[in-house]
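*Asks:* One file: data.txt (compact mmCIF, C-alpha atoms).
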```txt
# COMPACT_ATOMS: atom_id res chain seq x y z
CA MET A 1 -104.81 15.94 -196.13
CA ALA A 2 -106.23 14.02 -193.19
CA ASP A 3 -104.69 11.57 -190.79
CA ILE A 4 -106.15 8.91 -188.54
CA ILE A 5 -104.14 8.45 -185.34
CA HIS A 6 -104.49 6.12 -182.39
CA ARG A 7 -102.55 5.11 -179.27
CA ILE A 8 -102.77 1.84 -177.37
CA GLY A 9 -100.61 0.28 -174.66
CA ILE A 10 -100.05 -3.46 -174.58
CA LYS A 11 -98.82 -5.26 -171.48
CA ALA A 12 -95.99 -7.16 -173.18
CA GLY A 13 -92.53 -6.60 -174.60
CA PRO A 14 -92.12 -4.88 -177.99
CA ASP A 15 -90.77 -8.11 -179.50
CA LYS A 16 -94.19 -9.77 -179.21
CA VAL A 17 -96.01 -6.74 -180.58
CA PHE A 18 -93.52 -6.44 -183.43
CA TRP A 19 -94.08 -10.10 -184.30
CA ALA A 20 -97.83 -9.49 -184.60
CA LEU A 21 -97.19 -6.54 -186.93
CA SER A 22 -94.41 -7.93 -189.09
CA THR A 23 -95.37 -11.52 -189.90
CA ILE A 24 -98.20 -12.88 -192.05
CA GLU A 25 -99.06 -15.29 -189.24
CA GLY A 26 -99.22 -12.53 -186.62
CA LEU A 27 -101.25 -10.12 -188.77
CA ALA A 28 -103.82 -12.84 -189.50
CA LEU A 29 -104.49 -13.19 -185.79
CA TRP A 30 -105.77 -9.64 -185.21
CA TRP A 31 -106.62 -7.82 -188.50
CA THR A 32 -107.97 -10.33 -190.99
CA GLU A 33 -107.64 -14.10 -191.09
CA ASP A 34 -107.21 -13.89 -194.87
CA THR A 35 -103.71 -12.36 -194.89
CA SER A 36 -101.17 -13.50 -197.47
CA GLY A 37 -98.05 -12.40 -199.33
CA ALA A 38 -94.63 -11.58 -197.93
CA SER A 39 -93.83 -9.15 -195.14
CA GLU A 40 -90.22 -8.26 -196.00
CA ILE A 41 -89.30 -4.69 -197.02
CA GLY A 42 -90.27 -4.05 -200.64
CA LYS A 43 -92.70 -6.98 -200.77
CA THR A 44 -96.47 -6.75 -200.58
CA ILE A 45 -98.99 -8.14 -198.12
CA VAL A 46 -102.58 -8.78 -199.21
CA PHE A 47 -105.36 -8.36 -196.66
CA GLN A 48 -108.77 -9.68 -197.71
CA PHE A 49 -112.01 -9.25 -195.80
CA ARG A 50 -114.85 -11.71 -196.22
CA ASP A 51 -118.45 -11.77 -195.08
CA PRO A 52 -119.72 -14.67 -192.94
CA LYS A 53 -120.55 -16.58 -196.15
CA GLY A 54 -116.95 -16.32 -197.33
CA GLN A 55 -117.56 -13.72 -200.07
CA ILE A 56 -114.77 -11.14 -200.41
CA LYS A 57 -116.11 -7.70 -199.51
CA GLY A 58 -112.87 -5.77 -199.49
CA ALA A 59 -109.12 -6.11 -199.99
CA PHE A 60 -106.01 -4.02 -199.47
CA GLU A 61 -102.53 -4.58 -200.83
CA MET A 62 -99.73 -3.00 -198.81
CA GLU A 63 -96.11 -2.53 -199.83
CA VAL A 64 -93.81 -2.86 -196.83
CA LEU A 65 -91.74 0.35 -196.60
CA LYS A 66 -90.10 -0.12 -193.20
CA GLN A 67 -89.61 -2.97 -190.82
CA ALA A 68 -87.32 -1.89 -187.95
CA PRO A 69 -87.28 -4.71 -185.39
CA PHE A 70 -89.20 -3.88 -182.22
CA LYS A 71 -89.55 -0.21 -183.26
CA LYS A 72 -91.47 0.45 -186.44
CA VAL A 73 -93.52 -1.02 -189.24
CA GLN A 74 -94.62 1.10 -192.20
CA TRP A 75 -96.72 0.21 -195.22
CA LYS A 76 -97.99 2.01 -198.29
CA CYS A 77 -101.35 1.03 -199.72
CA VAL A 78 -100.81 0.14 -203.39
CA LYS A 79 -104.21 -1.47 -204.15
CA GLY A 80 -107.61 -1.14 -202.50
CA PRO A 81 -110.43 1.39 -202.21
CA GLU A 82 -109.43 4.55 -204.09
CA GLU A 83 -109.41 6.58 -200.86
CA TRP A 84 -106.73 4.24 -199.49
CA VAL A 85 -104.37 4.02 -202.45
CA GLY A 86 -101.27 6.08 -201.73
CA THR A 87 -101.99 6.42 -198.01
CA GLU A 88 -99.42 5.17 -195.51
CA ILE A 89 -99.86 3.19 -192.35
CA THR A 90 -97.33 3.29 -189.52
CA PHE A 91 -96.98 1.50 -186.23
CA ASP A 92 -94.36 3.06 -183.93
CA LEU A 93 -93.44 1.03 -180.87
CA ARG A 94 -91.69 1.99 -177.66
CA GLN A 95 -91.48 0.52 -174.19
CA GLU A 96 -92.88 2.39 -171.19
CA ASN A 97 -92.66 0.41 -167.95
CA GLU A 98 -94.63 -2.81 -168.43
CA PHE A 99 -96.31 -1.51 -171.59
CA THR A 100 -95.40 -1.42 -175.25
CA ILE A 101 -96.95 1.78 -176.54
CA VAL A 102 -98.18 1.56 -180.12
CA LEU A 103 -98.61 4.87 -181.94
CA PHE A 104 -100.65 4.21 -185.02
CA GLY A 105 -101.07 6.46 -188.02
CA HIS A 106 -103.01 6.06 -191.25
CA CYS A 107 -101.80 9.18 -193.01
CA ASN A 108 -102.10 11.21 -196.18
CA TRP A 109 -105.79 10.71 -196.93
CA ARG A 110 -106.50 13.19 -199.76
CA GLU A 111 -109.55 14.41 -197.86
CA SER A 112 -111.50 13.69 -194.73
CA VAL A 113 -114.74 11.95 -195.75
CA GLU A 114 -117.34 9.77 -194.04
CA PHE A 115 -115.36 6.67 -195.00
CA THR A 116 -112.34 8.15 -193.16
CA ALA A 117 -114.49 8.42 -190.01
CA HIS A 118 -115.60 4.80 -190.41
CA CYS A 119 -112.00 3.64 -190.87
CA SER A 120 -110.88 5.64 -187.83
CA THR A 121 -113.35 3.85 -185.55
CA LYS A 122 -112.66 0.51 -187.18
CA TRP A 123 -108.88 0.91 -186.73
CA ALA A 124 -109.45 1.52 -183.00
CA ILE A 125 -111.42 -1.73 -182.81
CA PHE A 126 -108.72 -3.67 -184.66
CA LEU A 127 -105.95 -2.18 -182.50
CA MET A 128 -107.88 -3.38 -179.44
CA SER A 129 -107.95 -6.80 -181.16
CA LEU A 130 -104.13 -6.60 -181.43
CA LYS A 131 -103.95 -5.73 -177.70
CA GLU A 132 -106.26 -8.65 -176.85
CA LEU A 133 -104.25 -11.04 -179.00
CA ILE A 134 -101.00 -10.23 -177.21
CA GLU A 135 -102.44 -10.00 -173.71
CA THR A 136 -104.87 -12.94 -173.80
CA GLY A 137 -103.71 -15.06 -176.74
CA LYS A 138 -106.85 -14.43 -178.78
CA GLY A 139 -107.66 -11.49 -181.06
CA LYS A 140 -110.78 -10.72 -183.09
CA PRO A 141 -109.62 -10.60 -186.72
CA ALA A 142 -112.15 -10.39 -189.58
CA PRO A 143 -114.53 -12.11 -190.10
CA ARG A 144 -114.87 -12.32 -186.30
CA ASP A 145 -114.40 -8.56 -185.88
CA ILE A 146 -116.78 -6.29 -183.98
CA THR A 147 -119.28 -4.51 -186.23
CA ILE A 148 -119.43 -0.75 -185.71
CA ASP A 149 -122.01 0.43 -188.27
CA ASN A 150 -123.98 -0.51 -191.40
CA TRP A 151 -120.78 -0.65 -193.47
CA ASN A 152 -119.17 -3.18 -191.15
CA MET B 153 -105.23 21.97 -186.70
CA ALA B 154 -106.19 18.36 -186.20
CA ASP B 155 -109.53 16.62 -186.00
CA ILE B 156 -110.61 13.31 -184.53
CA ILE B 157 -113.49 11.77 -186.47
CA HIS B 158 -115.50 8.58 -186.01
CA ARG B 159 -118.59 6.88 -187.44
CA ILE B 160 -120.85 4.37 -185.74
CA GLY B 161 -124.26 2.96 -186.61
CA ILE B 162 -126.76 2.20 -183.88
CA LYS B 163 -129.74 -0.09 -184.45
CA ALA B 164 -132.37 2.28 -183.03
CA GLY B 165 -134.23 5.45 -183.96
CA PRO B 166 -132.47 8.84 -183.73
CA ASP B 167 -134.77 9.89 -180.85
CA LYS B 168 -133.15 7.34 -178.53
CA VAL B 169 -129.62 8.26 -179.61
CA PHE B 170 -130.39 11.96 -179.25
CA TRP B 171 -131.68 11.35 -175.73
CA ALA B 172 -128.36 9.70 -174.78
CA LEU B 173 -126.46 12.72 -176.15
CA SER B 174 -128.63 15.55 -174.89
CA THR B 175 -129.56 14.69 -171.31
CA ILE B 176 -127.42 14.48 -168.18
CA GLU B 177 -129.02 11.10 -167.41
CA GLY B 178 -128.27 9.70 -170.87
CA LEU B 179 -124.68 10.96 -171.00
CA ALA B 180 -123.94 9.39 -167.60
CA LEU B 181 -124.87 6.00 -168.98
CA TRP B 182 -122.16 5.81 -171.65
CA TRP B 183 -119.40 8.43 -171.13
CA THR B 184 -118.89 9.00 -167.43
CA GLU B 185 -121.16 8.24 -164.51
CA ASP B 186 -120.10 11.52 -162.91
CA THR B 187 -121.94 13.86 -165.30
CA SER B 188 -123.63 16.99 -163.95
CA GLY B 189 -124.78 20.45 -164.95
CA ALA B 190 -127.44 21.42 -167.47
CA SER B 191 -127.66 20.32 -171.07
CA GLU B 192 -129.65 23.21 -172.57
CA ILE B 193 -128.07 25.50 -175.19
CA GLY B 194 -125.76 28.01 -173.54
CA LYS B 195 -125.44 25.99 -170.32
CA THR B 196 -122.49 23.84 -169.31
CA ILE B 197 -122.15 20.15 -168.61
CA VAL B 198 -119.39 18.89 -166.33
CA PHE B 199 -117.90 15.45 -167.02
CA GLN B 200 -115.64 14.09 -164.27
CA PHE B 201 -113.58 10.91 -164.50
CA ARG B 202 -112.60 9.02 -161.37
CA ASP B 203 -110.23 6.16 -160.69
CA PRO B 204 -111.55 2.97 -159.06
CA LYS B 205 -110.88 4.54 -155.63
CA GLY B 206 -113.11 7.51 -156.44
CA GLN B 207 -110.30 10.05 -156.92
CA ILE B 208 -110.91 12.55 -159.72
CA LYS B 209 -108.34 12.05 -162.44
CA GLY B 210 -109.75 14.35 -165.08
CA ALA B 211 -112.66 16.67 -165.83
CA PHE B 212 -114.07 18.52 -168.81
CA GLU B 213 -116.59 21.34 -168.86
CA MET B 214 -118.55 21.70 -172.08
CA GLU B 215 -120.72 24.60 -173.18
CA VAL B 216 -123.69 23.39 -175.21
CA LEU B 217 -123.60 25.21 -178.56
CA LYS B 218 -126.27 23.30 -180.47
CA GLN B 219 -129.01 20.89 -179.59
CA ALA B 220 -131.14 20.16 -182.66
CA PRO B 221 -133.57 17.37 -181.75
CA PHE B 222 -132.71 14.04 -183.35
CA LYS B 223 -130.09 15.68 -185.62
CA LYS B 224 -127.18 17.34 -183.89
CA VAL B 225 -125.47 18.04 -180.59
CA GLN B 226 -122.48 20.36 -180.41
CA TRP B 227 -120.32 21.36 -177.46
CA LYS B 228 -117.32 23.61 -176.91
CA CYS B 229 -114.80 22.64 -174.26
CA VAL B 230 -114.45 25.59 -171.87
CA LYS B 231 -112.47 23.90 -169.08
CA GLY B 232 -110.25 20.82 -169.01
CA PRO B 233 -106.81 19.76 -170.19
CA GLU B 234 -105.21 22.65 -172.09
CA GLU B 235 -105.21 20.66 -175.35
CA TRP B 236 -109.02 20.39 -175.10
CA VAL B 237 -109.93 23.97 -174.23
CA GLY B 238 -111.43 25.66 -177.28
CA THR B 239 -111.96 22.41 -179.18
CA GLU B 240 -115.44 21.48 -180.33
CA ILE B 241 -117.26 18.20 -180.22
CA THR B 242 -120.11 17.37 -182.59
CA PHE B 243 -122.48 14.47 -182.95
CA ASP B 244 -124.41 14.49 -186.24
CA LEU B 245 -127.25 12.01 -186.49
CA ARG B 246 -129.17 10.68 -189.48
CA GLN B 247 -131.30 7.64 -190.11
CA GLU B 248 -130.22 5.02 -192.65
CA ASN B 249 -132.57 2.02 -192.82
CA GLU B 250 -132.64 0.45 -189.35
CA PHE B 251 -129.58 2.40 -188.20
CA THR B 252 -128.99 5.80 -186.74
CA ILE B 253 -125.63 6.87 -188.09
CA VAL B 254 -123.58 8.99 -185.68
CA LEU B 255 -120.85 11.10 -187.25
CA PHE B 256 -118.59 12.25 -184.46
CA GLY B 257 -116.01 15.02 -184.60
CA HIS B 258 -113.66 16.40 -181.97
CA CYS B 259 -112.28 19.29 -183.96
CA ASN B 260 -109.87 22.20 -183.86
CA TRP B 261 -107.07 20.65 -181.83
CA ARG B 262 -104.21 23.17 -182.12
CA GLU B 263 -101.86 20.35 -183.02
CA SER B 264 -101.82 16.61 -183.38
CA VAL B 265 -99.95 15.17 -180.38
CA GLU B 266 -99.71 11.82 -178.63
CA PHE B 267 -102.60 12.80 -176.35
CA THR B 268 -104.73 13.38 -179.49
CA ALA B 269 -103.99 9.80 -180.57
CA HIS B 270 -104.98 8.52 -177.10
CA CYS B 271 -108.23 10.53 -177.18
CA SER B 272 -109.01 9.28 -180.69
CA THR B 273 -108.88 5.64 -179.59
CA LYS B 274 -110.69 6.39 -176.35
CA TRP B 275 -113.50 8.19 -178.18
CA ALA B 276 -114.00 5.10 -180.37
CA ILE B 277 -114.33 3.00 -177.22
CA PHE B 278 -116.84 5.41 -175.65
CA LEU B 279 -118.87 5.61 -178.87
CA MET B 280 -119.08 1.81 -178.81
CA SER B 281 -120.31 2.20 -175.21
CA LEU B 282 -123.05 4.54 -176.53
CA LYS B 283 -123.97 1.93 -179.16
CA GLU B 284 -124.08 -0.80 -176.52
CA LEU B 285 -126.20 1.34 -174.20
CA ILE B 286 -128.85 1.91 -176.86
CA GLU B 287 -128.80 -1.58 -178.33
CA THR B 288 -128.51 -3.63 -175.12
CA GLY B 289 -129.55 -1.24 -172.35
CA LYS B 290 -126.10 -1.17 -170.75
CA GLY B 291 -123.12 0.99 -171.65
CA LYS B 292 -119.62 1.12 -170.19
CA PRO B 293 -119.21 4.66 -168.82
CA ALA B 294 -116.20 5.59 -166.69
CA PRO B 295 -115.13 4.26 -164.26
CA ARG B 296 -116.29 0.99 -165.89
CA ASP B 297 -114.73 1.94 -169.24
CA ILE B 298 -112.31 -0.23 -171.20
CA THR B 299 -108.65 0.65 -170.62
CA ILE B 300 -106.66 1.19 -173.81
CA ASP B 301 -103.19 2.13 -172.57
CA ASN B 302 -101.13 3.29 -169.57
CA TRP B 303 -102.95 6.64 -169.50
CA ASN B 304 -106.36 4.99 -169.20
```
How does this structure look as structure tokens?

*Replies:*
Amino acid sequence: MADIIHRIGIKAGPDKVFWALSTIEGLALWWTEDTSGASEIGKTIVFQFRDPKGQIKGAFEMEVLKQAPFKKVQWKCVKGPEEWVGTEITFDLRQENEFTIVLFGHCNWRESVEFTAHCSTKWAIFLMSLKELIETGKGKPAPRDITIDNWN
Amino acid sequence: MADIIHRIGIKAGPDKVFWALSTIEGLALWWTEDTSGASEIGKTIVFQFRDPKGQIKGAFEMEVLKQAPFKKVQWKCVKGPEEWVGTEITFDLRQENEFTIVLFGHCNWRESVEFTAHCSTKWAIFLMSLKELIETGKGKPAPRDITIDNWN
């Protein structure tokens, strides 16, 4: 089993960060513009990624497992690339002085493969997009995300 | 045991990427400006990180374990924060069309802690600095690195 973990600190209260992690509108502003579905516990959120021509190049469907205001958001991947199905994604929030610390985990990968390494770097880039969104008002969701390699 | 892994693709030949990973001059242009020592196998490289006032806030000493031209660089941390000592860092390079793919690993952490999560995100940022250096001629080594949280 392999886990991807990250830590960022955002200069804002946890309520703003939680909003960006727990609403369709907020998620679309830092991960992918093409976010749909419902973000309540037990519902599913669909994240689609398109190339600059609008063609879908990837999609993930997440079931919302936890949604604890200002503290935690947890999803389980129920559809997507086979390496992702069954994995869980968590965002744990806590306040530390003027920062909201976000501890991120994408856990329970069956094995650590090259795609895991790609996703690890890409998650860091998207978490920095979340930080930018909250701190400056503008994130870099797909398809305006920063390219890291030949896979995206 | 926990591992940090990342993958980036750099639009350049592996010779240029290898240079940035295997020379004191190259390393200083993307990781930390305060890089010294010798980068031959069996020697040690010292990486120091300073705050904007020039005060040292952290340092790592790496023994060079492998240096296979255009293919691999491997270090073992012999001095630094206790979580780092004994861990190994590898950069595996291979060409894929116009890209040099860099598979990065910071392996054998005794346990996965919050500092591991911080280092995972920070490594992604520094690897993007390496990519920028090679592709644009200018990286973002410390102390000009991008801040990710309240620890740096």

*Asks:* List the spatial neighbours of segment 171-187 of chain B as a list in words - criterion: any atom at most 7 Å away, all atoms listed in the file, same-chain residues fewer than 2 positions off excluded.

*Replies:*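 In the requested format, the answer is Asp167, Lys168, Val169, Ala190, Ser191, Val198, Phe199, Gln200, Phe201, Val225, Phe278, Ser281, Leu282, Leu285, Gly291, Lys292, Pro293, Ala294 and Pro295 of chain B.
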
*Asks:* Any chance you could export the current selection's C-alpha atoms as an mmCIF file, in the frame of the given file?

*Replies:*
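result_12.cif was written with the following content:
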```cif
data_model
loop_
_atom_site.group_PDB
_atom_site.id
_atom_site.type_symbol
_atom_site.label_atom_id
_atom_site.label_comp_id
_atom_site.auth_asym_id
_atom_site.auth_seq_id
_atom_site.Cartn_x
_atom_site.Cartn_y
_atom_site.Cartn_z
ATOM 1 C CA ASP B 167 -134.770 9.890 -180.850
ATOM 2 C CA LYS B 168 -133.150 7.340 -178.530
ATOM 3 C CA VAL B 169 -129.620 8.260 -179.610
ATOM 4 C CA ALA B 190 -127.440 21.420 -167.470
ATOM 5 C CA SER B 191 -127.660 20.320 -171.070
ATOM 6 C CA VAL B 198 -119.390 18.890 -166.330
ATOM 7 C CA PHE B 199 -117.900 15.450 -167.020
ATOM 8 C CA GLN B 200 -115.640 14.090 -164.270
ATOM 9 C CA PHE B 201 -113.580 10.910 -164.500
ATOM 10 C CA VAL B 225 -125.470 18.040 -180.590
ATOM 11 C CA PHE B 278 -116.840 5.410 -175.650
ATOM 12 C CA SER B 281 -120.310 2.200 -175.210
ATOM 13 C CA LEU B 282 -123.050 4.540 -176.530
ATOM 14 C CA LEU B 285 -126.200 1.340 -174.200
ATOM 15 C CA GLY B 291 -123.120 0.990 -171.650
ATOM 16 C CA LYS B 292 -119.620 1.120 -170.190
ATOM 17 C CA PRO B 293 -119.210 4.660 -168.820
ATOM 18 C CA ALA B 294 -116.200 5.590 -166.690
ATOM 19 C CA PRO B 295 -115.130 4.260 -164.260
#
```

*Asks:* Tell me, in Å to one decimal, how far atom CA of Cys271 of chain B is from atom CA of Glu284 of chain B.

*Replies:*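 According to the coordinates, atom CA of Cys271 of chain B and atom CA of Glu284 of chain B are separated by 19.5 Å.
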
*Asks:* When you count all atoms listed in the file, which of these residues is closest to Ala124 of chain A: A:Thr136, A:Ser112, A:Thr147, A:Thr44?

*Replies:*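 For Ala124 of chain A, the nearest of the given residues is A:Thr147.
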
*Asks:* Identify which of the residues A:Asp92, A:Glu114, A:Asp149, A:Glu83 lies closest to chain B, counting only C-alpha atoms when measuring atom-to-atom distances.

*Replies:*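 Of the candidates, the smallest distance to chain B is held by A:Asp149.
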
*Asks:* Could you list the residues in chain A lying within 8 Å of chain B, using all atoms listed in the file, and format the result as a list in words?

*Replies:*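 That gives the following set of residues: Ile4, Ile5, His6, Arg7, Ile8, Gly9, Ile10, Phe99, Ile101, Leu103, Phe104, Glu114, Thr116, Ala117, His118, Cys119, Ser120, Thr121, Ala124, Ile125, Met128, Ile148, Asp149 and Asn150 of chain A.
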
*Asks:* Give the answer as one residue: which of B:Lys228, B:Lys218, B:Arg246, B:Lys290 has the shortest atom-to-atom distance to Trp261 of chain B, using all atoms listed in the file?

*Replies:* B:Lys228

*Asks:* Record the distance separating atom CA of Phe60 of chain A and atom CA of Pro81 of chain A, expressed in Å with one decimal.

*Replies:*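 Atom CA of Pro81 of chain A lies at a distance of 7.5 Å from atom CA of Phe60 of chain A.
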
*Asks:* Give me, please, the distance in Å between atom CA of Cys107 of chain A and atom CA of Ala68 of chain A, quoted to one decimal.

*Replies:*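 Between atom CA of Cys107 of chain A and atom CA of Ala68 of chain A the gap works out to 18.9 Å.
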
*Asks:* Compare B:Gln247, B:Asn260, B:Thr239, B:Gln207 by their minimum atom-to-atom distance to Phe222 of chain B, counting all atoms listed in the file, and give me the closest one.

*Replies:*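 Going through B:Gln247, B:Asn260, B:Thr239, B:Gln207 one by one, the smallest distance to Phe222 of chain B is for B:Gln247.
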